[in-house]
Amino acid sequence: MSTANVTINQPAPGRAEPPREGHQVRAVLDLARFEARELLLQVPLLLTFALYVGYVALGFMDRDGMDDYPVLNTIDRQTQTEPLLFAMAVFICCNAAALRSRKHNTVQQFDVLAMEPWRRTLAHVLSVVPYAALTALVVAGEFGREALKPGAIGHGSVGELAAGPLTVLLAGVLGVLLARLLPSSFIPILVSIPLYLLFVLASDAENAGRWEGWLSPIVFVARTGGDPVPSDLLGRPAGWHALYATGLCAVLACVALLRAGGRTKAVKAATVLALAVTVIGALGQLPSDAKALDAARRTAAATPQKVQSCAQHGRSTYCSFDEWSTVRSDWAEVVDRVQSAAGGTAAQARLTVRQRVYIDDQVEVDGDLDPSSTPGEVTVGTRWGGNRVPEFAVGAAVVLVGGSEDMTTQELCDDARAVTVIWLVLSTDPTPTDTFRNLRLDDSLSGSAQVLAPTNGLSLTGPQTTVIRELLERPRAAMAARVKAHWAQLTSASTTTAQAARLLGVEVPKEAEKCEE
């Protein structure tokens, strides 16, 4: 039977009734979950996330005793730059995912679907959220581990901790937006370089103290090498910046939806709200009272006693910024240990341990603290643990022997006091030889060297080093008794190193005294 002349008179079916809004929302969420799983199959994403987690895990391995006393207002900022490589992979992969239909020439097939293009764009944007959440989990784990350490100092900032996850979210949203504005797979690579330069310039502006650097969604943390300072002296509007970055993510997402045809009332209202949040966050980053901040920094550096609290431990007083109050008992243990080896009035001396910070034009810059001229005052910095402990012990011993830290500014070339100071530090130390090596700038156990301290260090000559090593090789109790018996002579500026050796019963070095220049 032939069907060549059969005519179909039935009318074509009309367009189906659009799905209800609730069904559309579920469809968008289902597509977002599918796109998130598709992103998980991308090799660059998996590789960079593994590298990110591996790098954070390596940081869990203690490299220094100072890791036992993390300053949390520096730890939160360290979490910001670590996910940048992962964010770059999210940026490229999200852009590629949004361009998948164009790459495979399936754009026309989407015209027969009930889901509008802007809703598909919304699904791509939402597919980034799980990866921002994963970043937040890594950040929380990294910071939480440090915060739970018994020696943790101070507190972190939620705004600072939010920077890493927001960077990943922003990268993904920007990738989707570029796919809608400039649908080419080469665009992310071309855009990455100028974006990176922009972020570097903005970070330099922020590090130089200019507020406009905060208008960049990403601000790299400068590694200045300086010691931490109290949180209220940082002057970082981290909370406002997090709000600004959140608003910017929303603005870019709304622009992508509008470009894809999503000109509904809800999208327009969300765009207005996102713009308002972004503007509020940007304005909140403006310096509210720069003069007051500068005055607070000068006070903390020049007259810290005005902004510190003190506590009594044993005979001595320990004064610190409030965030460091938990470390005072550790300072007291070191002072008590060093003082137990002293003789004469020094054994009962009342010391004042004063925490000090170095602040120049900016905070957390590398610099040296000048010795305190106040009698009985010992300087301690804002880092603790590791080598900072014996260095602080040197500072305490200097004050017990010389009365003040000014002793380190005097010429101690042929002076028994240098030997006495180091003996006080090492005589009660559980690993005196290793500590002696770590205290010396050149990590040696012979010859002349500079000994580290919170302020000025001590210059040890070769003969002084020889005498100290001889003392460490003798019975500890016998040497301790000799030091206390001859305390007056050993702490006199007129006693030479050779005389000290005779008083302590060790061989007098034959080398000529010569200070390190």
# chains A, B, ... in the order shown; residues from 1 in each chain; ligands from 1
>>> select_by_dssp(residues="stretch 254-405 of chain A", states="strand (DSSP E)", output="list in words")
Ser309, Cys310, Ala311, Gln312, His313, Ser316, Thr317, Tyr318, Cys319, Ser320, Thr352, Val353, Arg354, Gln355, Glu377, Val378, Thr379 and Val380 of chain A
>>> write_last_selection(atoms="all heavy atoms", output="compact mmCIF listing (two decimals), in the first residue's frame")
# COMPACT_ATOMS: atom_id res chain seq x y z
N SER A 309 47.97 45.36 80.07
CA SER A 309 47.59 44.91 81.40
C SER A 309 48.71 44.05 81.96
O SER A 309 49.52 43.50 81.20
CB SER A 309 46.29 44.10 81.34
OG SER A 309 46.45 42.97 80.50
N CYS A 310 48.77 43.94 83.26
CA CYS A 310 49.88 43.23 83.91
C CYS A 310 49.35 42.18 84.87
O CYS A 310 48.21 42.26 85.35
CB CYS A 310 50.77 44.22 84.66
SG CYS A 310 51.52 45.50 83.64
N ALA A 311 50.16 41.19 85.13
CA ALA A 311 49.83 40.13 86.10
C ALA A 311 51.09 39.76 86.86
O ALA A 311 52.20 39.82 86.33
CB ALA A 311 49.26 38.92 85.38
N GLN A 312 50.90 39.38 88.10
CA GLN A 312 52.01 39.00 88.98
C GLN A 312 52.17 37.49 88.96
O GLN A 312 51.21 36.74 89.15
CB GLN A 312 51.73 39.48 90.41
CG GLN A 312 52.93 39.38 91.34
CD GLN A 312 53.85 40.59 91.22
OE1 GLN A 312 53.45 41.60 90.66
NE2 GLN A 312 55.05 40.48 91.73
N HIS A 313 53.39 37.05 88.69
CA HIS A 313 53.74 35.63 88.78
C HIS A 313 55.00 35.54 89.62
O HIS A 313 56.07 35.96 89.19
CB HIS A 313 53.97 35.02 87.40
CG HIS A 313 52.74 34.85 86.57
ND1 HIS A 313 51.95 33.73 86.63
CD2 HIS A 313 52.15 35.68 85.65
CE1 HIS A 313 50.93 33.86 85.79
NE2 HIS A 313 51.04 35.03 85.19
N SER A 316 57.95 38.52 90.05
CA SER A 316 58.03 39.45 88.93
C SER A 316 56.65 39.79 88.36
O SER A 316 55.66 39.09 88.60
CB SER A 316 58.92 38.87 87.82
OG SER A 316 60.23 38.65 88.31
N THR A 317 56.62 40.87 87.59
CA THR A 317 55.40 41.36 86.96
C THR A 317 55.52 41.19 85.44
O THR A 317 56.56 41.49 84.86
CB THR A 317 55.18 42.84 87.29
OG1 THR A 317 55.13 43.00 88.72
CG2 THR A 317 53.87 43.34 86.69
N TYR A 318 54.43 40.73 84.83
CA TYR A 318 54.44 40.44 83.40
C TYR A 318 53.34 41.25 82.72
O TYR A 318 52.16 41.08 83.02
CB TYR A 318 54.24 38.94 83.17
CG TYR A 318 55.34 38.12 83.81
CD1 TYR A 318 55.29 37.77 85.16
CD2 TYR A 318 56.45 37.73 83.07
CE1 TYR A 318 56.31 37.05 85.76
CE2 TYR A 318 57.48 37.00 83.66
CZ TYR A 318 57.40 36.67 85.00
OH TYR A 318 58.41 35.97 85.59
N CYS A 319 53.76 42.13 81.82
CA CYS A 319 52.84 43.06 81.16
C CYS A 319 52.80 42.76 79.67
O CYS A 319 53.86 42.60 79.03
CB CYS A 319 53.26 44.51 81.38
SG CYS A 319 53.39 44.96 83.13
N SER A 320 51.61 42.69 79.11
CA SER A 320 51.47 42.35 77.70
C SER A 320 50.21 42.98 77.14
O SER A 320 49.34 43.46 77.87
CB SER A 320 51.40 40.83 77.51
OG SER A 320 50.18 40.33 78.03
N THR A 352 60.37 43.27 85.74
CA THR A 352 59.16 43.60 85.00
C THR A 352 59.37 43.18 83.55
O THR A 352 60.25 43.70 82.87
CB THR A 352 58.85 45.11 85.04
OG1 THR A 352 58.64 45.51 86.40
CG2 THR A 352 57.62 45.44 84.21
N VAL A 353 58.60 42.22 83.12
CA VAL A 353 58.68 41.76 81.73
C VAL A 353 57.68 42.56 80.92
O VAL A 353 56.47 42.53 81.19
CB VAL A 353 58.40 40.25 81.63
CG1 VAL A 353 58.35 39.80 80.18
CG2 VAL A 353 59.45 39.46 82.40
N ARG A 354 58.18 43.29 79.94
CA ARG A 354 57.34 44.20 79.15
C ARG A 354 57.32 43.76 77.69
O ARG A 354 58.36 43.62 77.06
CB ARG A 354 57.90 45.62 79.23
CG ARG A 354 57.21 46.64 78.36
CD ARG A 354 55.91 47.09 78.95
NE ARG A 354 56.11 47.69 80.27
CZ ARG A 354 55.12 47.96 81.10
NH1 ARG A 354 53.87 47.65 80.77
NH2 ARG A 354 55.36 48.50 82.28
N GLN A 355 56.12 43.52 77.16
CA GLN A 355 56.01 43.16 75.74
C GLN A 355 56.11 44.42 74.89
O GLN A 355 55.49 45.45 75.19
CB GLN A 355 54.68 42.46 75.47
CG GLN A 355 54.59 41.86 74.09
CD GLN A 355 53.33 41.04 73.91
OE1 GLN A 355 52.24 41.46 74.28
NE2 GLN A 355 53.48 39.84 73.34
N GLU A 377 63.77 45.93 83.77
CA GLU A 377 62.75 45.67 82.75
C GLU A 377 63.33 44.78 81.65
O GLU A 377 64.38 45.08 81.08
CB GLU A 377 62.25 46.97 82.15
CG GLU A 377 61.11 46.76 81.15
CD GLU A 377 60.46 48.06 80.73
OE1 GLU A 377 59.62 48.58 81.52
OE2 GLU A 377 60.78 48.58 79.64
N VAL A 378 62.61 43.71 81.35
CA VAL A 378 63.01 42.73 80.34
C VAL A 378 62.04 42.82 79.17
O VAL A 378 60.82 42.81 79.36
CB VAL A 378 63.01 41.30 80.91
CG1 VAL A 378 63.50 40.31 79.85
CG2 VAL A 378 63.86 41.22 82.16
N THR A 379 62.57 42.89 77.97
CA THR A 379 61.74 42.98 76.76
C THR A 379 61.38 41.59 76.26
O THR A 379 62.22 40.69 76.24
CB THR A 379 62.48 43.75 75.66
OG1 THR A 379 62.66 45.11 76.07
CG2 THR A 379 61.69 43.73 74.35
N VAL A 380 60.13 41.44 75.83
CA VAL A 380 59.70 40.22 75.17
C VAL A 380 58.89 40.63 73.94
O VAL A 380 58.18 41.64 73.96
CB VAL A 380 58.86 39.32 76.12
CG1 VAL A 380 57.57 39.99 76.51
CG2 VAL A 380 58.60 37.96 75.47
>>> residues_around(residues="stretch 418-433 of chain A", least_positions_apart="5", cutoff="8 Å", atoms="only C-alpha atoms", output="VMD selection string")
chain A and resid 337 to 339 341 to 342 390 393 to 394 397 to 398 401 412 458 460 464 to 465 467 to 468 471 to 472 476 480 483 490 to 491 497
>>> write_last_selection(atoms="N, CA and C atoms", output="compact mmCIF listing (two decimals), in the first residue's frame")
# COMPACT_ATOMS: atom_id res chain seq x y z
N ARG A 337 63.31 29.99 85.94
CA ARG A 337 64.40 29.04 85.69
C ARG A 337 65.74 29.75 85.63
N VAL A 338 65.80 30.85 84.90
CA VAL A 338 67.06 31.59 84.79
C VAL A 338 67.46 32.17 86.13
N GLN A 339 66.49 32.72 86.86
CA GLN A 339 66.78 33.37 88.13
C GLN A 339 67.24 32.37 89.19
N ALA A 341 69.38 30.16 88.86
CA ALA A 341 70.82 29.95 88.75
C ALA A 341 71.63 31.18 89.14
N ALA A 342 70.94 32.29 89.44
CA ALA A 342 71.64 33.53 89.79
C ALA A 342 72.01 33.53 91.27
N PRO A 390 64.84 30.64 74.30
CA PRO A 390 66.18 30.92 74.83
C PRO A 390 66.63 32.36 74.56
N ALA A 393 65.36 34.19 77.33
CA ALA A 393 66.16 33.85 78.51
C ALA A 393 67.45 34.68 78.52
N VAL A 394 68.05 34.93 77.36
CA VAL A 394 69.23 35.78 77.29
C VAL A 394 68.90 37.18 77.76
N ALA A 397 68.55 37.16 81.51
CA ALA A 397 69.86 37.00 82.15
C ALA A 397 70.67 38.29 82.08
N VAL A 398 70.56 39.01 80.97
CA VAL A 398 71.26 40.29 80.85
C VAL A 398 70.82 41.26 81.94
N VAL A 401 72.13 40.19 85.38
CA VAL A 401 73.57 40.40 85.54
C VAL A 401 73.93 41.88 85.51
N LEU A 412 81.84 44.44 75.79
CA LEU A 412 82.02 43.28 76.66
C LEU A 412 83.14 42.36 76.14
N LEU A 458 74.39 39.72 72.30
CA LEU A 458 75.72 39.79 72.90
C LEU A 458 76.76 39.36 71.88
N LEU A 460 80.06 37.46 71.59
CA LEU A 460 80.95 36.55 72.32
C LEU A 460 82.26 36.41 71.55
N GLN A 464 85.70 33.57 75.29
CA GLN A 464 84.48 33.48 76.08
C GLN A 464 83.69 32.23 75.69
N THR A 465 83.64 31.92 74.40
CA THR A 465 82.96 30.70 73.96
C THR A 465 83.64 29.46 74.52
N VAL A 467 85.39 29.21 77.34
CA VAL A 467 85.10 29.11 78.77
C VAL A 467 83.70 28.54 78.98
N ILE A 468 82.72 29.01 78.20
CA ILE A 468 81.34 28.52 78.35
C ILE A 468 81.27 27.03 78.04
N LEU A 471 82.57 25.10 80.94
CA LEU A 471 81.62 25.07 82.04
C LEU A 471 80.55 24.01 81.81
N LEU A 472 80.09 23.87 80.55
CA LEU A 472 79.04 22.90 80.25
C LEU A 472 79.53 21.47 80.37
N ARG A 476 77.24 19.95 86.66
CA ARG A 476 76.37 21.11 86.71
C ARG A 476 76.26 21.69 88.13
N ALA A 480 77.34 25.44 89.34
CA ALA A 480 76.31 26.34 89.84
C ALA A 480 76.71 26.93 91.19
N VAL A 483 79.44 29.61 90.66
CA VAL A 483 78.89 30.86 90.11
C VAL A 483 78.24 31.68 91.22
N LEU A 490 81.80 37.90 89.22
CA LEU A 490 81.39 37.49 87.88
C LEU A 490 80.45 38.49 87.21
N THR A 491 79.83 39.36 88.01
CA THR A 491 78.93 40.37 87.45
C THR A 491 79.55 41.76 87.47
N THR A 497 87.59 37.91 81.34
CA THR A 497 87.23 36.53 81.02
C THR A 497 88.25 35.56 81.63
>>> closest_residue(among="A:Leu72, A:Val255, A:Ala290, A:Ala269", to="A:His155", atoms="only C-alpha atoms")
A:Leu72
>>> select_by_dssp(residues="stretch 21-230 of chain A", states="alpha helix (DSSP H)", output="VMD selection string")
chain A and resid 21 to 40 43 to 59 72 to 78 84 to 98 100 to 103 117 to 126 129 to 147 158 to 181 187 to 207
>>> write_last_selection(atoms="C-alpha atoms", output="short mmCIF file (atom, residue, chain, number, x, y, z; two decimals), in the first residue's frame")
data_model
loop_
_atom_site.label_atom_id
_atom_site.label_comp_id
_atom_site.auth_asym_id
_atom_site.auth_seq_id
_atom_site.Cartn_x
_atom_site.Cartn_y
_atom_site.Cartn_z
CA GLU A 21 7.81 28.07 39.13
CA GLY A 22 8.41 25.39 41.74
CA HIS A 23 9.21 22.87 39.03
CA GLN A 24 11.56 25.36 37.42
CA VAL A 25 13.44 25.88 40.67
CA ARG A 26 13.86 22.12 41.15
CA ALA A 27 15.03 21.79 37.57
CA VAL A 28 17.61 24.52 38.04
CA LEU A 29 18.90 22.86 41.22
CA ASP A 30 19.07 19.48 39.50
CA LEU A 31 21.02 20.98 36.61
CA ALA A 32 23.33 22.76 39.08
CA ARG A 33 24.07 19.44 40.79
CA PHE A 34 24.77 17.84 37.42
CA GLU A 35 27.14 20.67 36.42
CA ALA A 36 28.91 20.46 39.79
CA ARG A 37 29.51 16.74 39.21
CA GLU A 38 30.74 17.48 35.71
CA LEU A 39 33.22 20.00 37.11
CA LEU A 40 34.47 17.33 39.48
CA VAL A 43 41.46 17.13 35.58
CA PRO A 44 42.71 20.72 36.24
CA LEU A 45 40.14 21.12 39.00
CA LEU A 46 40.99 17.84 40.68
CA LEU A 47 44.73 18.38 40.38
CA THR A 48 44.75 21.92 41.78
CA PHE A 49 42.42 20.98 44.63
CA ALA A 50 44.69 18.05 45.52
CA LEU A 51 47.69 20.40 45.45
CA TYR A 52 45.81 22.89 47.63
CA VAL A 53 44.85 20.30 50.23
CA GLY A 54 48.34 18.80 50.12
CA TYR A 55 49.97 22.16 50.70
CA VAL A 56 47.71 22.82 53.68
CA ALA A 57 48.41 19.34 55.05
CA LEU A 58 52.16 19.92 54.81
CA GLY A 59 51.67 23.02 56.93
CA LEU A 72 45.73 33.76 65.07
CA ASN A 73 45.49 37.21 63.49
CA THR A 74 48.27 36.11 61.13
CA ILE A 75 46.97 32.56 60.58
CA ASP A 76 43.62 33.79 59.23
CA ARG A 77 45.39 35.90 56.59
CA GLN A 78 47.65 33.02 55.57
CA LEU A 84 44.43 30.98 44.38
CA LEU A 85 45.64 28.23 42.05
CA PHE A 86 42.46 26.26 42.73
CA ALA A 87 40.41 29.41 42.04
CA MET A 88 42.16 29.78 38.67
CA ALA A 89 41.21 26.21 37.75
CA VAL A 90 37.59 26.88 38.80
CA PHE A 91 37.59 29.99 36.62
CA ILE A 92 38.77 28.12 33.52
CA CYS A 93 36.62 25.00 34.06
CA CYS A 94 33.42 26.95 34.76
CA ASN A 95 33.99 28.96 31.60
CA ALA A 96 34.49 25.77 29.61
CA ALA A 97 31.36 24.21 31.12
CA ALA A 98 29.24 27.22 30.17
CA ARG A 100 30.11 23.23 26.28
CA SER A 101 26.97 23.49 24.13
CA ARG A 102 28.65 25.93 21.78
CA LYS A 103 31.74 23.74 21.51
CA PRO A 117 18.77 30.19 28.84
CA TRP A 118 19.10 32.44 31.89
CA ARG A 119 18.01 29.59 34.16
CA ARG A 120 20.70 27.37 32.64
CA THR A 121 23.17 30.19 33.32
CA LEU A 122 21.91 30.32 36.93
CA ALA A 123 22.58 26.58 37.22
CA HIS A 124 26.17 27.12 36.07
CA VAL A 125 26.60 29.86 38.68
CA LEU A 126 25.16 27.64 41.43
CA VAL A 129 28.94 27.02 45.32
CA PRO A 130 30.00 23.47 46.36
CA TYR A 131 33.62 24.28 45.50
CA ALA A 132 33.52 27.51 47.48
CA ALA A 133 32.08 25.44 50.34
CA LEU A 134 34.89 22.89 49.99
CA THR A 135 37.39 25.73 50.20
CA ALA A 136 35.63 27.00 53.31
CA LEU A 137 35.98 23.55 54.90
CA VAL A 138 39.70 23.46 54.16
CA VAL A 139 40.12 26.98 55.57
CA ALA A 140 38.11 26.07 58.67
CA GLY A 141 40.20 22.94 59.19
CA GLU A 142 43.47 24.81 58.75
CA PHE A 143 42.51 27.63 61.09
CA GLY A 144 40.72 25.36 63.56
CA ARG A 145 43.79 23.20 64.04
CA GLU A 146 45.86 26.25 64.95
CA ALA A 147 43.15 27.78 67.11
CA VAL A 158 35.66 35.80 60.07
CA GLY A 159 36.11 38.41 57.36
CA GLU A 160 39.72 37.36 56.79
CA LEU A 161 38.77 33.68 56.75
CA ALA A 162 36.00 34.30 54.22
CA ALA A 163 38.44 35.72 51.66
CA GLY A 164 39.61 32.33 50.34
CA PRO A 165 36.16 30.82 49.70
CA LEU A 166 34.91 34.09 48.22
CA THR A 167 37.88 34.12 45.84
CA VAL A 168 36.89 30.69 44.53
CA LEU A 169 33.24 31.73 44.21
CA LEU A 170 34.17 34.93 42.40
CA ALA A 171 36.44 33.03 40.00
CA GLY A 172 33.68 30.61 39.03
CA VAL A 173 31.06 33.33 38.55
CA LEU A 174 33.48 35.38 36.46
CA GLY A 175 34.13 32.35 34.26
CA VAL A 176 30.39 31.95 33.60
CA LEU A 177 29.99 35.67 32.92
CA LEU A 178 32.81 35.72 30.38
CA ALA A 179 31.23 32.73 28.62
CA ARG A 180 28.09 34.81 28.12
CA LEU A 181 29.85 38.05 27.16
CA ILE A 187 39.29 34.45 26.70
CA PRO A 188 40.01 33.06 30.22
CA ILE A 189 43.70 32.69 29.37
CA LEU A 190 43.87 36.20 27.91
CA VAL A 191 42.02 37.71 30.87
CA SER A 192 44.03 35.90 33.56
CA ILE A 193 47.23 37.89 33.06
CA PRO A 194 45.74 41.42 33.31
CA LEU A 195 43.56 40.31 36.23
CA TYR A 196 46.61 39.02 38.09
CA LEU A 197 48.48 42.27 37.45
CA LEU A 198 45.47 44.23 38.66
CA PHE A 199 45.35 42.23 41.88
CA VAL A 200 49.09 42.71 42.45
CA LEU A 201 48.83 46.48 41.95
CA ALA A 202 45.85 46.64 44.29
CA SER A 203 47.69 44.60 46.91
CA ASP A 204 50.70 46.91 46.66
CA ALA A 205 48.40 49.87 47.20
CA GLU A 206 46.87 48.24 50.29
CA ASN A 207 50.26 47.29 51.69
#
>>> closest_residue(among="A:Leu233, A:Met66, A:Ala276, A:Val506", to="A:Thr299", atoms="only C-alpha atoms")
A:Leu233
>>> atom_distance(atom1="atom CA of A:Asp227", atom2="atom CA of A:Glu364")
5.3 Å
>>> residues_around(residues="A:Gln348", least_positions_apart="3", cutoff="8 Å", atoms="only C-alpha atoms", output="NGL selection string")
:A and (315 or 339 or 344-345)
